[in-house]
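Here the structure comes first, spelled out in structure tokens, and everything after it is commentary.
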Amino acid sequence: MGVGSRRVKTSDGGKVAVRMGRPPLVDREAIIRAALEIGFSRLTMPAVGERLGISHSTLYRYFRSRDDLVAAAVDHAVNAIEWPGPGEDWRAYLEETAWAHWRLYSAHIGLAREITALRVIGPALVKRDNQTGVHLLEYGFDPVDAVLVVDMLAELVTQAFLAAPEQADGADDDAVDVLQRRRQELIGPWIDQYDPRLREVLVGAVSGPTAAWFERKLTLFLDGAAGRRAAR
């Protein structure tokens, strides 16, 4: 450890060298990047401060609370995803939108839990939902059905990622693999309790690719939306 630095304890009991003197320059973007690198499940203000080499109290100059930082990080993550534009087929548009949500949650496995419990909603999510709803209106959907479809489509993807354990959050984990293992852990001990006709389907659901099962659920959901649209 050189002159002008000292060692401080980290949240996990280890120690890191912190340079003394003038603190490093930080801004909102640097803090948001650090938060995303840490991962939503491990995100705390002290953890971000440690990563940036600053006192976590400094972060409150930029963000009022952890929730405020999470909302900004969610906005950044949402804006980093390539979202589809509307084409001639409403169903193809919704399928592409669902898979864009899937890529978002795959990149940030703790994000589903944060969005479910989020107390501060950022503009990126609002803008995304509004754009999807407006496109559905242009496709001929009733306003009520447009809002229902947007809401249920987002929930369908979110639910798929809620089962991921918190410790899985991080760059070294494959989100989809983690989800598949978790589903096997949850269903495995109880599989014999199901009717044999259902058991075969459930075994296939938890042993096969997670995305393949999600695609079947998405197809069923879109079939329902198609029937609703046709009825109107």
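Each chain in the structure tokens gets a letter, A, B, ..., in the order shown, and its residues are numbered from 1; ligands are numbered from 1 in order too.
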Might you pull out every residue within 9 Å of stretch 75-80 of chain A, with only C-alpha atoms counted and same-chain residues fewer than 4 positions away left off, and present them as a PyMOL selection string? chain A and resi 32-33+36+70-71+101+104+107-108+121-125+128
Would you save the residues of that selection, restricted to C-alpha atoms, as a compact mmCIF listing (two decimals), in the first residue's frame?
# COMPACT_ATOMS: atom_id res chain seq x y z
CA ILE A 32 -25.33 4.13 -12.68
CA ARG A 33 -22.68 2.08 -14.50
CA LEU A 36 -25.36 -2.16 -13.08
CA VAL A 70 -32.42 1.71 -8.98
CA ALA A 71 -34.95 3.68 -11.04
CA HIS A 101 -38.13 -7.90 -22.52
CA LEU A 104 -33.49 -7.18 -20.81
CA ALA A 107 -28.86 -9.21 -19.06
CA HIS A 108 -29.90 -8.19 -15.52
CA ILE A 121 -40.90 4.44 -11.74
CA GLY A 122 -38.46 5.82 -14.29
CA PRO A 123 -39.43 7.48 -17.57
CA ALA A 124 -37.95 4.75 -19.79
CA LEU A 125 -40.43 2.11 -18.60
CA ARG A 128 -41.83 1.91 -23.46
So which residues touch A:Pro84 within 10 Å, counting only C-alpha atoms, skipping near sequence neighbours fewer than 6 positions away, as a PyMOL selection string? chain A and resi 92-100+132
For those residues, write N, CA, C and O atoms to a file as a PDB file, in the first residue's frame.
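The result, written out as out18.pdb:
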ATOM      1  N   ALA A  92     -46.622 -10.350 -34.626  1.00  0.00           N
ATOM      2  CA  ALA A  92     -45.165 -10.387 -34.746  1.00  0.00           C
ATOM      3  C   ALA A  92     -44.531  -9.275 -33.914  1.00  0.00           C
ATOM      4  O   ALA A  92     -43.484  -9.470 -33.282  1.00  0.00           O
ATOM      5  N   TYR A  93     -45.182  -8.114 -33.901  1.00  0.00           N
ATOM      6  CA  TYR A  93     -44.673  -7.000 -33.102  1.00  0.00           C
ATOM      7  C   TYR A  93     -44.664  -7.337 -31.614  1.00  0.00           C
ATOM      8  O   TYR A  93     -43.676  -7.073 -30.907  1.00  0.00           O
ATOM      9  N   LEU A  94     -45.739  -7.952 -31.126  1.00  0.00           N
ATOM     10  CA  LEU A  94     -45.785  -8.310 -29.710  1.00  0.00           C
ATOM     11  C   LEU A  94     -44.792  -9.419 -29.377  1.00  0.00           C
ATOM     12  O   LEU A  94     -44.205  -9.430 -28.287  1.00  0.00           O
ATOM     13  N   GLU A  95     -44.605 -10.367 -30.273  1.00  0.00           N
ATOM     14  CA  GLU A  95     -43.611 -11.416 -30.053  1.00  0.00           C
ATOM     15  C   GLU A  95     -42.219 -10.806 -29.918  1.00  0.00           C
ATOM     16  O   GLU A  95     -41.445 -11.160 -29.015  1.00  0.00           O
ATOM     17  N   GLU A  96     -41.885  -9.891 -30.824  1.00  0.00           N
ATOM     18  CA  GLU A  96     -40.569  -9.251 -30.769  1.00  0.00           C
ATOM     19  C   GLU A  96     -40.424  -8.405 -29.505  1.00  0.00           C
ATOM     20  O   GLU A  96     -39.342  -8.350 -28.906  1.00  0.00           O
ATOM     21  N   THR A  97     -41.513  -7.773 -29.089  1.00  0.00           N
ATOM     22  CA  THR A  97     -41.477  -6.981 -27.856  1.00  0.00           C
ATOM     23  C   THR A  97     -41.250  -7.875 -26.644  1.00  0.00           C
ATOM     24  O   THR A  97     -40.473  -7.537 -25.737  1.00  0.00           O
ATOM     25  N   ALA A  98     -41.912  -9.028 -26.619  1.00  0.00           N
ATOM     26  CA  ALA A  98     -41.729  -9.974 -25.513  1.00  0.00           C
ATOM     27  C   ALA A  98     -40.285 -10.442 -25.429  1.00  0.00           C
ATOM     28  O   ALA A  98     -39.703 -10.522 -24.346  1.00  0.00           O
ATOM     29  N   TRP A  99     -39.687 -10.751 -26.568  1.00  0.00           N
ATOM     30  CA  TRP A  99     -38.302 -11.226 -26.559  1.00  0.00           C
ATOM     31  C   TRP A  99     -37.314 -10.109 -26.247  1.00  0.00           C
ATOM     32  O   TRP A  99     -36.230 -10.370 -25.708  1.00  0.00           O
ATOM     33  N   ALA A 100     -37.681  -8.873 -26.534  1.00  0.00           N
ATOM     34  CA  ALA A 100     -36.850  -7.748 -26.102  1.00  0.00           C
ATOM     35  C   ALA A 100     -36.861  -7.654 -24.579  1.00  0.00           C
ATOM     36  O   ALA A 100     -35.819  -7.431 -23.942  1.00  0.00           O
ATOM     37  N   THR A 132     -45.815   0.948 -26.759  1.00  0.00           N
ATOM     38  CA  THR A 132     -46.417  -0.337 -27.112  1.00  0.00           C
ATOM     39  C   THR A 132     -47.931  -0.220 -27.149  1.00  0.00           C
ATOM     40  O   THR A 132     -48.594  -0.719 -28.074  1.00  0.00           O
TER      41      THR A 132
END
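The two atoms in question, atom CA of A:Ala154 and atom CA of A:Gly39, are spaced 20.7 Å apart.
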From atom CA of A:Met152 to atom CA of A:Ala112 the spacing works out at 14.1 Å
Please measure the separation of atom CA of A:Glu138 and atom CA of A:Asp89, giving the value in Å to one decimal.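 Going from atom CA of A:Glu138 over to atom CA of A:Asp89, I get 11.2 Å.
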Considering only C-alpha atoms, state which residue in the set A:Ile187, A:Leu218, A:Ala72, A:Leu156 is at the smallest distance from A:Gly204.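 So, comparing all the options, the nearest one is A:Ile187.
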For A:Leu162, which of A:Gly224, A:Val150, A:Ser41, A:Ala47 is the closest residue, counting only C-alpha atoms? A:Ser41
Could you give me, as a PyMOL selection string, the residues within 9 Å of A:Ala160, counting only C-alpha atoms and dropping anything in the same chain fewer than 2 positions from it? chain A and resi 102+112+155-158+162-164+179+210+214
Within 12 Å of A:Pro46, counting only C-alpha atoms, which residues show up once you throw out same-chain ones fewer than 4 positions away? Write them as a list of chain:residue names, please.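 Near neighbours after the sequence-gap exclusion: A:Lys9, A:Thr10, A:Ser11, A:Asp12, A:Ile31, A:Ala34, A:Ala35, A:Ile38, A:Arg42, A:Glu50, A:Arg51, A:Leu52, A:Gly53, A:Ile54, A:Ser55, A:His56, A:Ser57, A:Thr58, A:Leu59, A:Tyr60, A:Ser65, A:Arg66.
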Prev. selection, N, CA, C and O atoms, output as a tab-separated table (two decimals), in the first residue's frame:
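Saved the output as out_23.tsv:
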chain	number	residue	atom	x	y	z
A	9	LYS	N	-12.45	-1.48	5.54
A	9	LYS	CA	-13.21	-2.72	5.44
A	9	LYS	C	-14.31	-2.57	4.42
A	9	LYS	O	-14.94	-1.53	4.31
A	10	THR	N	-14.55	-3.66	3.67
A	10	THR	CA	-15.67	-3.70	2.73
A	10	THR	C	-16.85	-4.37	3.40
A	10	THR	O	-16.73	-4.92	4.50
A	11	SER	N	-18.00	-4.38	2.72
A	11	SER	CA	-19.22	-4.95	3.31
A	11	SER	C	-19.13	-6.44	3.52
A	11	SER	O	-19.85	-7.01	4.32
A	12	ASP	N	-18.20	-7.14	2.79
A	12	ASP	CA	-18.08	-8.58	2.96
A	12	ASP	C	-16.95	-8.96	3.93
A	12	ASP	O	-16.57	-10.12	4.03
A	31	ILE	N	-22.01	6.46	-11.58
A	31	ILE	CA	-22.69	5.77	-10.48
A	31	ILE	C	-23.65	4.73	-11.03
A	31	ILE	O	-23.73	3.59	-10.53
A	34	ALA	N	-21.74	1.74	-12.30
A	34	ALA	CA	-21.27	0.93	-11.17
A	34	ALA	C	-22.40	0.09	-10.60
A	34	ALA	O	-22.22	-1.08	-10.26
A	35	ALA	N	-23.58	0.68	-10.50
A	35	ALA	CA	-24.74	-0.05	-9.97
A	35	ALA	C	-25.07	-1.25	-10.85
A	35	ALA	O	-25.34	-2.35	-10.36
A	38	ILE	N	-22.52	-4.05	-10.42
A	38	ILE	CA	-22.73	-4.78	-9.16
A	38	ILE	C	-23.89	-5.76	-9.31
A	38	ILE	O	-23.83	-6.89	-8.84
A	42	ARG	N	-27.50	-7.32	-5.55
A	42	ARG	CA	-26.45	-6.98	-4.59
A	42	ARG	C	-26.32	-5.47	-4.39
A	42	ARG	O	-25.41	-5.02	-3.71
A	50	GLU	N	-18.00	1.70	-2.50
A	50	GLU	CA	-16.77	0.90	-2.50
A	50	GLU	C	-16.23	0.71	-3.91
A	50	GLU	O	-15.02	0.81	-4.15
A	51	ARG	N	-17.14	0.43	-4.84
A	51	ARG	CA	-16.71	0.17	-6.21
A	51	ARG	C	-16.08	1.42	-6.84
A	51	ARG	O	-15.13	1.32	-7.63
A	52	LEU	N	-16.62	2.59	-6.49
A	52	LEU	CA	-16.11	3.83	-7.06
A	52	LEU	C	-14.99	4.45	-6.22
A	52	LEU	O	-14.39	5.45	-6.62
A	53	GLY	N	-14.75	3.87	-5.04
A	53	GLY	CA	-13.70	4.41	-4.19
A	53	GLY	C	-14.08	5.72	-3.51
A	53	GLY	O	-13.22	6.57	-3.29
A	54	ILE	N	-15.36	5.88	-3.21
A	54	ILE	CA	-15.82	7.09	-2.55
A	54	ILE	C	-16.69	6.71	-1.36
A	54	ILE	O	-17.15	5.58	-1.25
A	55	SER	N	-16.93	7.66	-0.51
A	55	SER	CA	-17.85	7.44	0.60
A	55	SER	C	-19.25	7.30	0.05
A	55	SER	O	-19.66	8.06	-0.85
A	56	HIS	N	-20.01	6.32	0.59
A	56	HIS	CA	-21.36	6.14	0.05
A	56	HIS	C	-22.24	7.35	0.33
A	56	HIS	O	-23.23	7.57	-0.36
A	57	SER	N	-21.88	8.16	1.32
A	57	SER	CA	-22.65	9.36	1.58
A	57	SER	C	-22.56	10.35	0.42
A	57	SER	O	-23.48	11.15	0.20
A	58	THR	N	-21.46	10.28	-0.33
A	58	THR	CA	-21.31	11.14	-1.50
A	58	THR	C	-22.38	10.84	-2.54
A	58	THR	O	-22.81	11.73	-3.29
A	59	LEU	N	-22.82	9.58	-2.61
A	59	LEU	CA	-23.82	9.19	-3.61
A	59	LEU	C	-25.13	9.94	-3.42
A	59	LEU	O	-25.87	10.15	-4.39
A	60	TYR	N	-25.42	10.33	-2.18
A	60	TYR	CA	-26.69	10.99	-1.92
A	60	TYR	C	-26.74	12.42	-2.48
A	60	TYR	O	-27.80	13.05	-2.46
A	65	SER	N	-31.95	8.13	-2.72
A	65	SER	CA	-32.07	6.85	-2.02
A	65	SER	C	-31.65	5.73	-2.96
A	65	SER	O	-31.40	5.95	-4.16
A	66	ARG	N	-31.59	4.52	-2.42
A	66	ARG	CA	-31.33	3.36	-3.27
A	66	ARG	C	-32.41	3.22	-4.33
A	66	ARG	O	-32.11	2.90	-5.49
According to DSSP computed on the backbone, where in chain A is there alpha helix (DSSP H)? Give the residues as number ranges by chain. A: 28-38, 45-52, 56-59, 66-80, 90-107, 111-117, 123-138, 143-162, 175-187, 196-207, 210-231
Write to file, as a CSV table (one decimal), in the first residue's frame, the residues of the selection just made, with C-alpha atoms.
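File written: part24.csv
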chain,number,residue,atom,x,y,z
A,28,ARG,CA,-24.5,10.2,-12.3
A,29,GLU,CA,-23.5,8.1,-15.3
A,30,ALA,CA,-20.5,6.6,-13.5
A,31,ILE,CA,-22.7,5.8,-10.5
A,32,ILE,CA,-25.3,4.1,-12.7
A,33,ARG,CA,-22.7,2.1,-14.5
A,34,ALA,CA,-21.3,0.9,-11.2
A,35,ALA,CA,-24.7,0.0,-10.0
A,36,LEU,CA,-25.4,-2.2,-13.1
A,37,GLU,CA,-22.0,-3.8,-12.8
A,38,ILE,CA,-22.7,-4.8,-9.2
A,45,MET,CA,-25.3,2.4,-1.6
A,46,PRO,CA,-22.2,1.3,0.3
A,47,ALA,CA,-21.4,-1.3,-2.4
A,48,VAL,CA,-21.5,1.4,-5.1
A,49,GLY,CA,-19.4,3.7,-3.0
A,50,GLU,CA,-16.8,0.9,-2.5
A,51,ARG,CA,-16.7,0.2,-6.2
A,52,LEU,CA,-16.1,3.8,-7.1
A,56,HIS,CA,-21.4,6.1,0.0
A,57,SER,CA,-22.7,9.4,1.6
A,58,THR,CA,-21.3,11.1,-1.5
A,59,LEU,CA,-23.8,9.2,-3.6
A,66,ARG,CA,-31.3,3.4,-3.3
A,67,ASP,CA,-34.8,3.3,-4.9
A,68,ASP,CA,-33.9,6.5,-6.8
A,69,LEU,CA,-30.6,4.9,-8.0
A,70,VAL,CA,-32.4,1.7,-9.0
A,71,ALA,CA,-35.0,3.7,-11.0
A,72,ALA,CA,-32.1,5.4,-12.9
A,73,ALA,CA,-30.3,2.1,-13.5
A,74,VAL,CA,-33.5,0.5,-14.8
A,75,ASP,CA,-33.9,3.4,-17.2
A,76,HIS,CA,-30.4,2.9,-18.4
A,77,ALA,CA,-30.9,-0.9,-18.8
A,78,VAL,CA,-34.2,-0.4,-20.7
A,79,ASN,CA,-32.7,2.2,-23.1
A,80,ALA,CA,-29.7,-0.1,-23.8
A,90,TRP,CA,-49.5,-6.9,-34.6
A,91,ARG,CA,-48.7,-10.4,-33.4
A,92,ALA,CA,-45.2,-10.4,-34.7
A,93,TYR,CA,-44.7,-7.0,-33.1
A,94,LEU,CA,-45.8,-8.3,-29.7
A,95,GLU,CA,-43.6,-11.4,-30.1
A,96,GLU,CA,-40.6,-9.3,-30.8
A,97,THR,CA,-41.5,-7.0,-27.9
A,98,ALA,CA,-41.7,-10.0,-25.5
A,99,TRP,CA,-38.3,-11.2,-26.6
A,100,ALA,CA,-36.9,-7.7,-26.1
A,101,HIS,CA,-38.1,-7.9,-22.5
A,102,TRP,CA,-36.5,-11.4,-22.3
A,103,ARG,CA,-33.1,-10.0,-23.4
A,104,LEU,CA,-33.5,-7.2,-20.8
A,105,TYR,CA,-34.1,-9.6,-17.9
A,106,SER,CA,-31.4,-12.0,-19.2
A,107,ALA,CA,-28.9,-9.2,-19.1
A,111,LEU,CA,-34.1,-6.8,-12.5
A,112,ALA,CA,-37.4,-8.7,-12.5
A,113,ARG,CA,-37.6,-8.5,-8.7
A,114,GLU,CA,-36.7,-4.8,-8.6
A,115,ILE,CA,-39.4,-3.9,-11.2
A,116,THR,CA,-42.0,-6.0,-9.3
A,117,ALA,CA,-41.3,-4.1,-6.1
A,123,PRO,CA,-39.4,7.5,-17.6
A,124,ALA,CA,-37.9,4.7,-19.8
A,125,LEU,CA,-40.4,2.1,-18.6
A,126,VAL,CA,-43.3,4.5,-18.9
A,127,LYS,CA,-42.3,5.5,-22.4
A,128,ARG,CA,-41.8,1.9,-23.5
A,129,ASP,CA,-45.3,0.8,-22.2
A,130,ASN,CA,-46.9,3.9,-23.7
A,131,GLN,CA,-45.4,3.3,-27.1
A,132,THR,CA,-46.4,-0.3,-27.1
A,133,GLY,CA,-50.0,0.6,-26.1
A,134,VAL,CA,-50.2,3.3,-28.8
A,135,HIS,CA,-49.0,0.8,-31.5
A,136,LEU,CA,-51.7,-1.6,-30.3
A,137,LEU,CA,-54.3,1.1,-30.8
A,138,GLU,CA,-53.0,1.7,-34.3
A,143,PRO,CA,-57.9,1.0,-25.4
A,144,VAL,CA,-58.8,-1.3,-22.5
A,145,ASP,CA,-57.5,-4.3,-24.3
A,146,ALA,CA,-54.3,-2.4,-25.3
A,147,VAL,CA,-53.5,-1.6,-21.7
A,148,LEU,CA,-54.3,-5.2,-20.6
A,149,VAL,CA,-52.1,-6.7,-23.3
A,150,VAL,CA,-49.2,-4.4,-22.4
A,151,ASP,CA,-49.5,-5.1,-18.7
A,152,MET,CA,-49.9,-8.9,-19.1
A,153,LEU,CA,-47.1,-9.2,-21.6
A,154,ALA,CA,-44.7,-7.5,-19.3
A,155,GLU,CA,-45.9,-9.6,-16.3
A,156,LEU,CA,-45.5,-12.8,-18.4
A,157,VAL,CA,-41.8,-12.1,-18.9
A,158,THR,CA,-41.2,-10.8,-15.4
A,159,GLN,CA,-42.7,-13.9,-13.8
A,160,ALA,CA,-40.3,-16.1,-15.8
A,161,PHE,CA,-37.3,-14.4,-14.1
A,162,LEU,CA,-38.7,-14.0,-10.5
A,175,ALA,CA,-29.5,-15.9,-16.3
A,176,VAL,CA,-31.4,-18.5,-18.3
A,177,ASP,CA,-29.3,-21.4,-17.0
A,178,VAL,CA,-29.8,-20.2,-13.5
A,179,LEU,CA,-33.6,-20.1,-14.1
A,180,GLN,CA,-33.7,-23.6,-15.4
A,181,ARG,CA,-31.8,-25.0,-12.4
A,182,ARG,CA,-34.0,-23.1,-10.0
A,183,ARG,CA,-37.2,-24.5,-11.7
A,184,GLN,CA,-35.8,-28.0,-11.4
A,185,GLU,CA,-35.0,-27.5,-7.7
A,186,LEU,CA,-38.5,-26.2,-7.0
A,187,ILE,CA,-40.5,-28.8,-8.9
A,196,PRO,CA,-49.3,-38.7,-14.5
A,197,ARG,CA,-50.8,-36.9,-17.4
A,198,LEU,CA,-49.6,-33.6,-16.1
A,199,ARG,CA,-46.3,-34.9,-14.7
A,200,GLU,CA,-45.0,-35.7,-18.2
A,201,VAL,CA,-45.7,-32.2,-19.3
A,202,LEU,CA,-44.1,-30.7,-16.2
A,203,VAL,CA,-41.0,-32.8,-16.5
A,204,GLY,CA,-40.5,-31.6,-20.1
A,205,ALA,CA,-41.1,-28.0,-19.0
A,206,VAL,CA,-38.4,-28.0,-16.3
A,207,SER,CA,-35.9,-30.2,-18.1
A,210,THR,CA,-36.5,-22.2,-20.3
A,211,ALA,CA,-37.0,-20.1,-23.4
A,212,ALA,CA,-38.9,-22.9,-25.2
A,213,TRP,CA,-41.4,-23.2,-22.4
A,214,PHE,CA,-41.8,-19.4,-22.3
A,215,GLU,CA,-42.4,-19.4,-26.0
A,216,ARG,CA,-45.3,-21.8,-25.5
A,217,LYS,CA,-46.8,-19.6,-22.8
A,218,LEU,CA,-46.3,-16.6,-25.1
A,219,THR,CA,-48.1,-18.4,-27.9
A,220,LEU,CA,-51.1,-19.2,-25.6
A,221,PHE,CA,-51.2,-15.6,-24.4
A,222,LEU,CA,-51.2,-14.2,-28.0
A,223,ASP,CA,-53.8,-16.7,-29.1
A,224,GLY,CA,-56.0,-15.3,-26.3
A,225,ALA,CA,-55.3,-11.7,-27.5
A,226,ALA,CA,-56.1,-12.7,-31.1
A,227,GLY,CA,-59.4,-14.2,-30.0
A,228,ARG,CA,-60.3,-11.1,-27.9
A,229,ARG,CA,-59.4,-8.8,-30.8
A,230,ALA,CA,-61.5,-10.8,-33.3
A,231,ALA,CA,-64.5,-10.8,-31.0
